[in-house]
2 protein chains.
Amino acid sequence: MQVLPPALQSVIDALATLPGVGPRTAERYAYFLFKADPSLARRISEGLAGLHDGVAYCKKTFALIEKGKEFSDLYTDPSRNKKLVAVVAEPFDILALEKTAQFKGTYHVLGGLVSPIDGIGPEQLHIKELLERIDEDKVEEIILATNASVEGESTALYIQQQIGERNVKISRLARGLPVGVDLEYADQITLGRALEGRTLL
Amino acid sequence: MQVLPPALQSVIDALATLPGVGPRTAERYAYFLFKADPSLARRISEGLAGLHDGVAYCKKTFALIEKGKEFSDLYTDPSRNKKLVAVVAEPFDILALEKTAQFKGTYHVLGGLVSPIDGIGPEQLHIKELLERIDEDKVEEIILATNASVEGESTALYIQQQIGERNVKISRLARGLPVGVDLEYADQITLGRALEGRTLL
């Protein structure tokens with residue numbers, strides 16, 4: 001006996017493959033789209049149909065760019081300082097840094113972090129290309145902007161070792177209290193880092 | 001300056017219209033689909049393209065059915081008892097009741113619940129059609145299987161009044177302790193209902 005129409009069931013099954021989406025959430029999305037104006041389902045459908053034909057990786061920074069272009073605007077734009085490179089794990093980390101409107105350098109996306117448990121070794125990341133960039137673009141400073149996690153820290157350490165004797169400053173994002181957080185609610189590691197990195201007034 | 005390629009941005013914007021999905025979650029979905037095998041994005045895309053052409057409402061029960069059919073299998077199948085009708089708010093409530101495998105009657109989907117705040121009055125629900133069914137199918141029992149919420153309770157009460165003098169039994173789902181829940185964690189209203197509805201051994 002058919003409890004759900006096949007056209008609905010196939011949408012539910014397909015949506016349930018998204019990360020963190022179980023059958024219940026997929027049902028909710030599918031029913032919402034069915035009840036909403038059909039233009040909405042069409043918009044998502046057409047967007048997804050064009051996703052892989054419209055998006056590519058920048059050959060230099062490995063940021064996500066429009067297919068057909070070779071490099072990211074965040075690399076080629078003359079206002080960006082190619083001698084200052086922020087190294088991030090994933091393409092969307094760029095978005096977070098761009099929102100600060102404080103960074104005028106360029107980016108380098110590693111494409112992940114070293115994680116032996118997930119079988120990701122440094123050779124799978126774009127570290128070789130970073131070292132080439134340091135030489136080609138005469139990079140003066142590398143900001144290691146990886147996550148404050150075990151994988152983030154060990155990837156940063158590995159890159160630091162690889163850069164080795166090259167004449168380039170290496171920095172990393174400050175660790176400390178997030179803005180608006182009470183001292184008493186900060187965890188001890190964060191607080192320890194905030195003490196270490198205290199600034200003289 | 002283009003931070004994200006338009007093909008990706010349009011997918012993110014479209015996915016962010018789903019209920020409970022903010023820009024961050026939409027980014028995560030979009031990036032997941034971009035990194036995954038393109039067949040996955042295609043599967044969701046094609047599913048959504050066919051959604052509105054493949055799904056319709058049953059003319060009798062207002063359950064979701066395959067377009068082209070007139071009635072739900074859960075109504076036409078001879079194994080289902082048309083004289084026993086479970087009244088539910090939304091089509092997916094049917095799924096929950098079917099999973100119990102204990103119900104052999106038919107369903108009637110109201111299409112919502114009375115909710116003055118959301119501007120939903122009883123005339124927007126399929127209550128008139130329910131009353132017609134009671135007469136046409138010589139219904140013997142109506143199970144009011146609406147949510148245990150204020151809207152669910154008041155909709156049930158309204159339907160009960162509308163059924164009025166008709167010779168039909170009206171029942172509702174038992175309220176009480178959910179299976180596996182400790183007494184001490186049950187809220188007082190649930191516990192009060194469980195006391196009221198206690199069964200003699």
# chains A, B, ... in the order shown; residues from 1 in each chain; ligands from 1

call {"tool": "interface_residues", "arguments": {"of": "chain A", "to": "chain B", "cutoff": "9 Å", "atoms": "only C-alpha atoms", "output": "count of residues only"}}
result
57

call {"tool": "residues_around", "arguments": {"residues": "A:Gln162", "least_positions_apart": "5", "cutoff": "12 Å", "atoms": "only C-alpha atoms", "output": "ChimeraX atom specification"}}
result
/A:122-123,127-132,134,155-157,168,170

call {"tool": "write_last_selection", "arguments": {"atoms": "N, CA and C atoms", "output": "mmCIF file, in the first residue's frame"}}
result
data_model
loop_
_atom_site.group_PDB
_atom_site.id
_atom_site.type_symbol
_atom_site.label_atom_id
_atom_site.label_comp_id
_atom_site.auth_asym_id
_atom_site.auth_seq_id
_atom_site.Cartn_x
_atom_site.Cartn_y
_atom_site.Cartn_z
ATOM 1 N N PRO A 122 49.041 15.336 5.262
ATOM 2 C CA PRO A 122 49.396 16.657 4.723
ATOM 3 C C PRO A 122 49.528 16.662 3.200
ATOM 4 N N GLU A 123 49.860 15.511 2.601
ATOM 5 C CA GLU A 123 50.055 15.465 1.137
ATOM 6 C C GLU A 123 48.733 15.651 0.392
ATOM 7 N N ILE A 127 49.440 22.204 0.526
ATOM 8 C CA ILE A 127 50.579 22.782 1.245
ATOM 9 C C ILE A 127 51.749 23.023 0.285
ATOM 10 N N LYS A 128 51.953 22.085 -0.638
ATOM 11 C CA LYS A 128 53.006 22.229 -1.641
ATOM 12 C C LYS A 128 52.791 23.528 -2.434
ATOM 13 N N GLU A 129 51.503 23.757 -2.792
ATOM 14 C CA GLU A 129 51.178 24.956 -3.569
ATOM 15 C C GLU A 129 51.400 26.228 -2.746
ATOM 16 N N LEU A 130 51.203 26.121 -1.433
ATOM 17 C CA LEU A 130 51.446 27.274 -0.563
ATOM 18 C C LEU A 130 52.939 27.617 -0.569
ATOM 19 N N LEU A 131 53.787 26.584 -0.480
ATOM 20 C CA LEU A 131 55.230 26.811 -0.463
ATOM 21 C C LEU A 131 55.683 27.432 -1.788
ATOM 22 N N GLU A 132 55.083 26.970 -2.893
ATOM 23 C CA GLU A 132 55.403 27.558 -4.203
ATOM 24 C C GLU A 132 55.012 29.037 -4.251
ATOM 25 N N ILE A 134 54.797 31.099 -1.779
ATOM 26 C CA ILE A 134 55.696 31.902 -0.946
ATOM 27 C C ILE A 134 56.872 32.386 -1.793
ATOM 28 N N THR A 155 48.005 21.040 12.065
ATOM 29 C CA THR A 155 48.224 21.425 10.667
ATOM 30 C C THR A 155 49.069 22.690 10.603
ATOM 31 N N ALA A 156 48.758 23.649 11.504
ATOM 32 C CA ALA A 156 49.528 24.897 11.552
ATOM 33 C C ALA A 156 50.995 24.614 11.870
ATOM 34 N N LEU A 157 51.216 23.707 12.822
ATOM 35 C CA LEU A 157 52.583 23.343 13.220
ATOM 36 C C LEU A 157 53.321 22.700 12.044
ATOM 37 N N VAL A 168 60.102 34.361 5.801
ATOM 38 C CA VAL A 168 58.718 34.821 5.828
ATOM 39 C C VAL A 168 58.227 34.821 7.275
ATOM 40 N N ILE A 170 55.681 34.308 10.182
ATOM 41 C CA ILE A 170 54.534 33.416 10.376
ATOM 42 C C ILE A 170 53.775 33.904 11.596
#

call {"tool": "select_by_dssp", "arguments": {"residues": "stretch 53-161 of chain A", "states": "strand (DSSP E)", "output": "list of chain:residue names"}}
result
A:Val55, A:Ala56, A:Tyr57, A:Leu64, A:Ile65, A:Glu66, A:Asn81, A:Lys82, A:Lys83, A:Leu84, A:Val85, A:Ala86, A:Val87, A:Val88, A:Gly105, A:Thr106, A:Tyr107, A:His108, A:Val109, A:Glu141, A:Ile142, A:Ile143, A:Leu144

call {"tool": "select_by_dssp", "arguments": {"residues": "stretch 4-171 of chain A", "states": "helix (DSSP H, G or I)", "output": "VMD selection string"}}
result
chain A and resid 6 to 15 23 to 35 38 to 54 73 to 76 91 to 99 116 to 118 122 to 124 127 to 136 150 to 163
